[in-house]
file coords.cif (mmCIF, C-alpha atoms and all ligand atoms)
data_my_file
#
loop_
_atom_site.label_atom_id
_atom_site.label_comp_id
_atom_site.auth_asym_id
_atom_site.auth_seq_id
_atom_site.Cartn_x
_atom_site.Cartn_y
_atom_site.Cartn_z
CA MET A 1 12.59 -30.99 -5.58
CA ASN A 2 15.78 -28.96 -5.26
CA ARG A 3 16.06 -27.08 -8.52
CA HIS A 4 17.70 -23.73 -7.77
CA LEU A 5 15.12 -20.97 -7.49
CA ARG A 6 16.65 -17.73 -8.71
CA LEU A 7 16.36 -14.56 -6.64
CA GLY A 8 16.20 -11.25 -8.48
CA VAL A 9 16.68 -8.37 -6.06
CA ASN A 10 14.77 -5.24 -7.05
CA ILE A 11 16.75 -2.16 -6.05
CA ASP A 12 14.14 0.50 -7.02
CA HIS A 13 13.57 1.67 -3.49
CA VAL A 14 17.22 2.35 -2.80
CA ALA A 15 16.72 4.97 -5.50
CA THR A 16 13.50 6.14 -3.81
CA ILE A 17 15.50 7.00 -0.67
CA ARG A 18 18.29 8.61 -2.70
CA ASN A 19 15.84 10.73 -4.66
CA ALA A 20 14.19 12.00 -1.47
CA ARG A 21 17.24 14.29 -1.11
CA GLY A 22 18.27 14.53 -4.73
CA GLY A 23 21.90 13.50 -4.20
CA ASP A 24 23.70 10.27 -5.00
CA HIS A 25 23.36 8.41 -1.68
CA PRO A 26 22.33 5.63 -1.22
CA ASP A 27 23.57 4.34 -4.56
CA PRO A 28 21.41 1.63 -6.22
CA LEU A 29 24.51 0.22 -7.96
CA ARG A 30 26.26 -0.24 -4.62
CA ALA A 31 23.11 -2.00 -3.34
CA ALA A 32 23.04 -4.21 -6.44
CA LEU A 33 26.68 -5.22 -5.93
CA ALA A 34 26.00 -5.95 -2.25
CA ALA A 35 22.92 -8.00 -3.17
CA ALA A 36 24.98 -10.02 -5.66
CA GLU A 37 27.59 -10.64 -2.96
CA ALA A 38 24.82 -11.86 -0.63
CA GLY A 39 23.50 -14.40 -3.14
CA ALA A 40 21.18 -12.58 -5.55
CA ASP A 41 21.12 -14.29 -8.95
CA GLY A 42 20.01 -11.15 -10.74
CA ILE A 43 19.06 -7.51 -10.27
CA THR A 44 15.71 -6.02 -11.21
CA ALA A 45 15.13 -2.33 -11.80
CA HIS A 46 11.96 -0.59 -12.98
CA LEU A 47 12.63 2.51 -15.06
CA ARG A 48 9.32 4.27 -14.64
CA GLU A 49 8.07 6.79 -17.14
CA ASP A 50 8.02 9.43 -14.35
CA ARG A 51 11.55 8.41 -13.12
CA ARG A 52 10.30 8.45 -9.53
CA HIS A 53 13.08 6.08 -8.44
CA ILE A 54 15.45 4.46 -10.97
CA THR A 55 16.94 6.84 -13.54
CA ASP A 56 18.37 6.37 -17.03
CA GLU A 57 21.84 6.84 -15.58
CA ASP A 58 21.19 4.07 -13.03
CA ILE A 59 20.35 1.67 -15.86
CA ALA A 60 23.53 2.59 -17.74
CA ARG A 61 25.68 2.13 -14.61
CA LEU A 62 23.99 -1.17 -13.69
CA GLU A 63 24.42 -2.55 -17.19
CA ASP A 64 28.09 -1.46 -17.27
CA SER A 65 29.09 -2.80 -13.87
CA LEU A 66 26.98 -5.82 -12.96
CA ALA A 67 28.37 -9.32 -13.32
CA ILE A 68 24.91 -10.85 -12.77
CA PRO A 69 21.93 -10.44 -15.15
CA LEU A 70 19.88 -7.26 -15.19
CA ASN A 71 16.12 -7.50 -15.59
CA LEU A 72 14.75 -4.16 -16.81
CA GLU A 73 11.11 -3.60 -15.94
CA MET A 74 9.53 -1.30 -18.49
CA ALA A 75 6.23 -0.09 -19.86
CA ALA A 76 5.46 -0.90 -23.49
CA THR A 77 6.32 2.54 -24.87
CA GLU A 78 8.62 3.60 -27.70
CA GLU A 79 10.77 5.56 -25.23
CA MET A 80 11.39 2.50 -23.04
CA LEU A 81 11.93 0.25 -26.05
CA ALA A 82 14.67 2.57 -27.32
CA ILE A 83 16.36 2.52 -23.89
CA ALA A 84 16.17 -1.28 -23.69
CA LEU A 85 17.59 -1.65 -27.20
CA ARG A 86 20.42 0.75 -26.33
CA HIS A 87 21.45 -1.07 -23.13
CA ARG A 88 20.45 -4.62 -24.08
CA PRO A 89 19.85 -5.96 -20.58
CA HIS A 90 19.71 -9.73 -20.12
CA ALA A 91 15.93 -9.52 -19.65
CA ALA A 92 13.10 -7.06 -20.03
CA CYS A 93 9.84 -7.48 -18.16
CA ILE A 94 6.96 -5.56 -19.70
CA VAL A 95 4.77 -4.14 -16.95
CA PRO A 96 1.59 -2.06 -16.97
CA GLU A 97 2.14 1.49 -15.79
CA ARG A 98 -0.10 4.32 -14.76
CA ARG A 99 1.58 7.56 -13.81
CA GLU A 100 -0.75 8.21 -10.86
CA GLU A 101 -0.45 4.73 -9.29
CA ARG A 102 1.49 4.21 -6.06
CA THR A 103 2.88 0.89 -7.27
CA THR A 104 2.19 -1.68 -10.01
CA GLU A 105 -1.38 -2.46 -9.06
CA GLY A 106 -2.14 -5.37 -11.37
CA GLY A 107 -0.88 -7.43 -14.25
CA LEU A 108 -0.54 -6.48 -17.89
CA ASP A 109 -3.63 -7.12 -20.03
CA ALA A 110 -1.72 -9.24 -22.53
CA ALA A 111 -5.00 -10.69 -23.83
CA GLY A 112 -6.58 -7.29 -24.51
CA GLN A 113 -3.44 -5.62 -25.88
CA HIS A 114 -2.09 -8.20 -28.29
CA ALA A 115 -1.70 -5.79 -31.21
CA HIS A 116 0.06 -3.17 -29.08
CA LEU A 117 2.40 -5.64 -27.33
CA ALA A 118 3.36 -7.85 -30.29
CA PRO A 119 5.97 -5.46 -31.81
CA PHE A 120 7.57 -4.86 -28.38
CA VAL A 121 7.92 -8.58 -27.68
CA ALA A 122 9.29 -9.15 -31.18
CA ARG A 123 11.77 -6.26 -31.21
CA LEU A 124 13.13 -7.01 -27.73
CA GLY A 125 13.39 -10.72 -28.57
CA ASP A 126 15.13 -9.98 -31.89
CA ALA A 127 17.73 -7.98 -29.93
CA GLY A 128 18.50 -11.06 -27.82
CA ILE A 129 16.69 -9.73 -24.74
CA ARG A 130 14.71 -12.33 -22.79
CA VAL A 131 11.18 -10.92 -22.67
CA SER A 132 8.79 -11.52 -19.84
CA LEU A 133 5.25 -10.26 -19.32
CA PHE A 134 4.13 -9.23 -15.84
CA ILE A 135 0.63 -10.75 -15.73
CA GLU A 136 -2.03 -11.93 -13.33
CA PRO A 137 -2.03 -15.69 -12.70
CA ASP A 138 -4.90 -16.11 -15.14
CA PRO A 139 -5.15 -18.79 -17.89
CA ARG A 140 -6.38 -16.15 -20.39
CA GLN A 141 -3.25 -14.09 -19.87
CA ILE A 142 -0.98 -17.15 -20.19
CA GLU A 143 -2.67 -18.06 -23.45
CA ALA A 144 -2.09 -14.48 -24.61
CA ALA A 145 1.61 -14.68 -23.62
CA LEU A 146 1.88 -17.87 -25.64
CA LYS A 147 0.31 -16.17 -28.69
CA LEU A 148 2.74 -13.27 -28.27
CA GLY A 149 5.69 -15.69 -28.19
CA ALA A 150 6.93 -14.45 -24.79
CA PRO A 151 9.40 -16.98 -23.36
CA VAL A 152 8.75 -15.90 -19.75
CA VAL A 153 5.85 -14.64 -17.64
CA GLU A 154 6.09 -13.13 -14.18
CA PHE A 155 2.99 -13.60 -12.03
CA HIS A 156 1.93 -10.57 -9.99
CA THR A 157 1.79 -11.87 -6.41
CA GLY A 158 0.31 -8.66 -4.94
CA ALA A 159 -3.19 -10.10 -4.42
CA TYR A 160 -1.68 -13.16 -2.68
CA ALA A 161 0.56 -10.97 -0.52
CA HIS A 162 -2.29 -8.77 0.63
CA ALA A 163 -4.90 -11.48 1.19
CA GLU A 164 -5.46 -13.41 4.41
CA GLY A 165 -6.87 -16.82 5.38
CA GLU A 166 -8.93 -18.64 2.75
CA ALA A 167 -8.55 -15.77 0.28
CA ARG A 168 -4.77 -16.14 0.45
CA ALA A 169 -5.03 -19.93 0.01
CA GLN A 170 -7.17 -19.31 -3.08
CA GLU A 171 -4.64 -16.84 -4.52
CA LEU A 172 -1.86 -19.34 -3.87
CA ARG A 173 -3.78 -22.02 -5.81
CA ARG A 174 -4.29 -19.58 -8.68
CA ILE A 175 -0.53 -18.94 -8.84
CA ALA A 176 0.34 -22.64 -8.56
CA ASP A 177 -2.16 -23.56 -11.32
CA ALA A 178 -0.90 -20.72 -13.52
CA ALA A 179 2.74 -21.77 -13.05
CA ALA A 180 1.86 -25.35 -14.01
CA LEU A 181 -0.04 -24.15 -17.10
CA ALA A 182 2.82 -21.86 -18.16
CA ALA A 183 5.39 -24.64 -17.78
CA LYS A 184 3.17 -27.08 -19.70
CA ASN A 185 3.19 -24.57 -22.57
CA GLY A 186 6.95 -24.11 -22.47
CA ILE A 187 6.84 -20.68 -20.79
CA GLU A 188 9.19 -20.05 -17.87
CA ALA A 189 7.29 -18.88 -14.78
CA HIS A 190 8.54 -16.13 -12.47
CA ALA A 191 6.71 -14.40 -9.64
CA GLY A 192 6.97 -11.25 -7.59
CA HIS A 193 5.44 -8.21 -5.91
CA GLY A 194 4.84 -7.81 -2.20
CA LEU A 195 6.83 -10.87 -1.19
CA THR A 196 8.25 -10.94 2.35
CA PHE A 197 9.94 -13.37 4.77
CA ALA A 198 6.46 -14.24 6.05
CA ASN A 199 4.82 -15.07 2.72
CA VAL A 200 7.63 -16.25 0.42
CA THR A 201 7.82 -19.92 1.42
CA ALA A 202 4.56 -21.07 -0.16
CA ILE A 203 5.40 -19.30 -3.43
CA ALA A 204 8.98 -20.64 -3.43
CA ALA A 205 7.60 -24.16 -2.98
CA ILE A 206 5.73 -24.05 -6.32
CA PRO A 207 7.97 -26.34 -8.37
CA GLN A 208 7.45 -24.69 -11.79
CA ILE A 209 8.50 -21.24 -10.60
CA ALA A 210 12.08 -20.52 -11.68
CA GLU A 211 12.63 -16.99 -10.33
CA LEU A 212 11.29 -14.59 -7.71
CA ASN A 213 11.77 -10.83 -7.95
CA ILE A 214 11.69 -9.14 -4.57
CA GLY A 215 12.44 -5.54 -3.69
CA HIS A 216 10.45 -3.28 -1.39
CA PHE A 217 10.50 -5.63 1.61
CA LEU A 218 14.20 -6.47 1.28
CA ILE A 219 15.24 -2.83 1.08
CA GLY A 220 12.97 -1.94 4.03
CA GLU A 221 14.33 -4.83 6.08
CA ALA A 222 17.88 -3.75 5.26
CA ILE A 223 17.29 -0.65 7.42
CA PHE A 224 17.16 -2.95 10.43
CA THR A 225 19.56 -5.78 9.57
CA GLY A 226 21.65 -4.56 6.63
CA LEU A 227 21.13 -5.56 3.01
CA ASP A 228 23.51 -8.51 3.22
CA GLU A 229 21.52 -10.16 6.01
CA SER A 230 18.19 -9.28 4.43
CA VAL A 231 19.11 -10.92 1.09
CA ARG A 232 20.81 -13.91 2.74
CA ARG A 233 17.75 -14.63 4.87
CA MET A 234 15.43 -14.45 1.86
CA ARG A 235 17.80 -16.73 -0.07
CA ALA A 236 17.79 -19.22 2.84
CA LEU A 237 13.97 -19.24 3.04
CA MET A 238 13.72 -19.83 -0.70
CA ASP A 239 16.31 -22.62 -0.60
CA ALA A 240 14.56 -24.27 2.35
CA ALA A 241 11.29 -24.37 0.37
CA ARG A 242 12.90 -26.44 -2.41
C1 LIG A 301 6.57 -4.27 -11.46
C2 LIG A 301 6.85 -4.35 -10.03
O1 LIG A 301 6.16 -5.03 -9.32
C3 LIG A 301 8.01 -3.60 -9.47
O2 LIG A 301 8.38 -2.59 -10.32
C4 LIG A 301 7.84 -3.11 -8.09
O3 LIG A 301 6.52 -2.84 -7.84
C5 LIG A 301 8.71 -1.92 -7.71
O4 LIG A 301 8.36 -0.72 -8.31
P1 LIG A 301 7.17 0.22 -7.77
O5 LIG A 301 7.15 0.16 -6.27
O6 LIG A 301 7.48 1.58 -8.31
O7 LIG A 301 5.90 -0.32 -8.33
N1 LIG A 302 8.31 -7.57 -10.26
C1 LIG A 302 8.24 -7.50 -8.84
C2 LIG A 302 9.43 -6.85 -8.29
O1 LIG A 302 10.39 -6.59 -8.99
C3 LIG A 302 9.52 -6.52 -6.85
O2 LIG A 302 8.31 -6.14 -6.28
P1 LIG A 302 8.32 -5.67 -4.75
O3 LIG A 302 8.99 -6.75 -3.93
O4 LIG A 302 9.11 -4.39 -4.69
O5 LIG A 302 6.88 -5.50 -4.39
#
call {"tool": "encode", "arguments": {"input": "coords.cif", "output": "structure tokens"}}
result
Amino acid sequence: MNRHLRLGVNIDHVATIRNARGGDHPDPLRAALAAAEAGADGITAHLREDRRHITDEDIARLEDSLAIPLNLEMAATEEMLAIALRHRPHAACIVPERREERTTEGGLDAAGQHAHLAPFVARLGDAGIRVSLFIEPDPRQIEAALKLGAPVVEFHTGAYAHAEGEARAQELRRIADAAALAAKNGIEAHAGHGLTFANVTAIAAIPQIAELNIGHFLIGEAIFTGLDESVRRMRALMDAAR
């Protein structure tokens, strides 16, 4: 197995540091360009409803300047849909969002929210945007993604990343089984959330997974080694797993 596994670098937390002082440094676009130089295949940015990190202006600048694909993470709201349709990123990943959460704590309930999600998937898809749904590695949610006509799902790897021992092995099996089921149904499988140098290899080795989106750890690690080294090392670990 040596099919190229794409790396999407999430630059949200460059914006978190910038926003701590309200200025324009460090610049998420500069980080995105550096990540591309270091081997990222795409850039991911989550425009949260509360704008706690990435801003509307960041999305406009990323879309204008990036030579690699932009994956816009967004809640299924009319406001975010309008922004996505204005900028037409390569991809849009619909994520669940709660204003009071610290981070994205679980996957989208695609099964329970079919009627709400269907027009978002359709309108993004009609605009030529590749839609993915950020879901738990759960057969019910994959079936729901299939019914919604989503071409891509991204499995939330947070439970895997935070588990230890047998619980982690069990989460890994859930993700591997879900990736196989998605691929069998013609849905491209991605994964991400909480991935690090220490836990990425087993996920990268799942043959049906086509893309990993990784952010918080890479940006944190960049404090110690620089972003170039941080992205290159992740890229090397992913390549070695294939
Ligand atoms: C959906 C997702 O997993 C990413 O958006 C990532 O979590 C970074 O954003 P937050 O840290 O704000 O959740
Ligand atoms: N969709 C997951 C993502 O973009 C990055 O998540 P994290 O590595 O910041 O936890």
call {"tool": "closest_atom_pairs", "arguments": {"input": "coords.cif", "of": "region 66-180 of chain A", "to": "region 11-19 of chain A", "cutoff": "12 Å", "atoms": "all atoms listed in the file", "output": "tab-separated table"}}
result
residue	atom	partner	partner_atom	distance
A:Leu70	CA	A:Ile11	CA	10.9
A:Asn71	CA	A:Ile11	CA	11.0
A:Leu72	CA	A:Asp12	CA	10.9
A:Glu73	CA	A:Asp12	CA	10.3
A:Thr103	CA	A:Asp12	CA	11.3
call {"tool": "closest_residue", "arguments": {"input": "coords.cif", "among": "A:Ala111, A:Ala169, A:Ala92, A:Leu33", "to": "ligand LIG 302 (chain A)", "atoms": "all atoms listed in the file"}}
result
A:Ala92
call {"tool": "residues_near_ligand", "arguments": {"input": "coords.cif", "ligand": "ligand LIG 301 (chain A)", "cutoff": "9 Å", "atoms": "all atoms listed in the file", "output": "ChimeraX atom specification"}}
result
/A:10-13,16,44-48,52-54,73-74,93-97,101-107,134,156-158,192-194,213-216
call {"tool": "axis_aligned_box", "arguments": {"input": "coords.cif", "around": "region 203-221 of chain A", "padding_each_side": "5 Å", "output": "lines of an AutoDock Vina configuration file"}}
result
center_x = 10.3
center_y = -14.1
center_z = -2.9
size_x = 19.8
size_y = 34.4
size_z = 27.9
call {"tool": "closest_residue", "arguments": {"input": "coords.cif", "among": "A:Glu188, A:Asp239, A:Glu171, A:Asp126", "to": "Val152 (chain A)", "atoms": "all atoms listed in the file"}}
result
A:Glu188
call {"tool": "closest_residue", "arguments": {"input": "coords.cif", "among": "A:Ala144, A:Met80, A:Ala122, A:Leu108", "to": "ligand LIG 302 (chain A)", "atoms": "only C-alpha atoms and all ligand atoms"}}
result
A:Leu108
call {"tool": "residues_around", "arguments": {"input": "coords.cif", "residues": "Ala189 (chain A)", "least_positions_apart": "5", "cutoff": "9 Å", "atoms": "all atoms listed in the file", "output": "number ranges by chain"}}
result
A: 152-155, 178-180, 182-183, 208-211
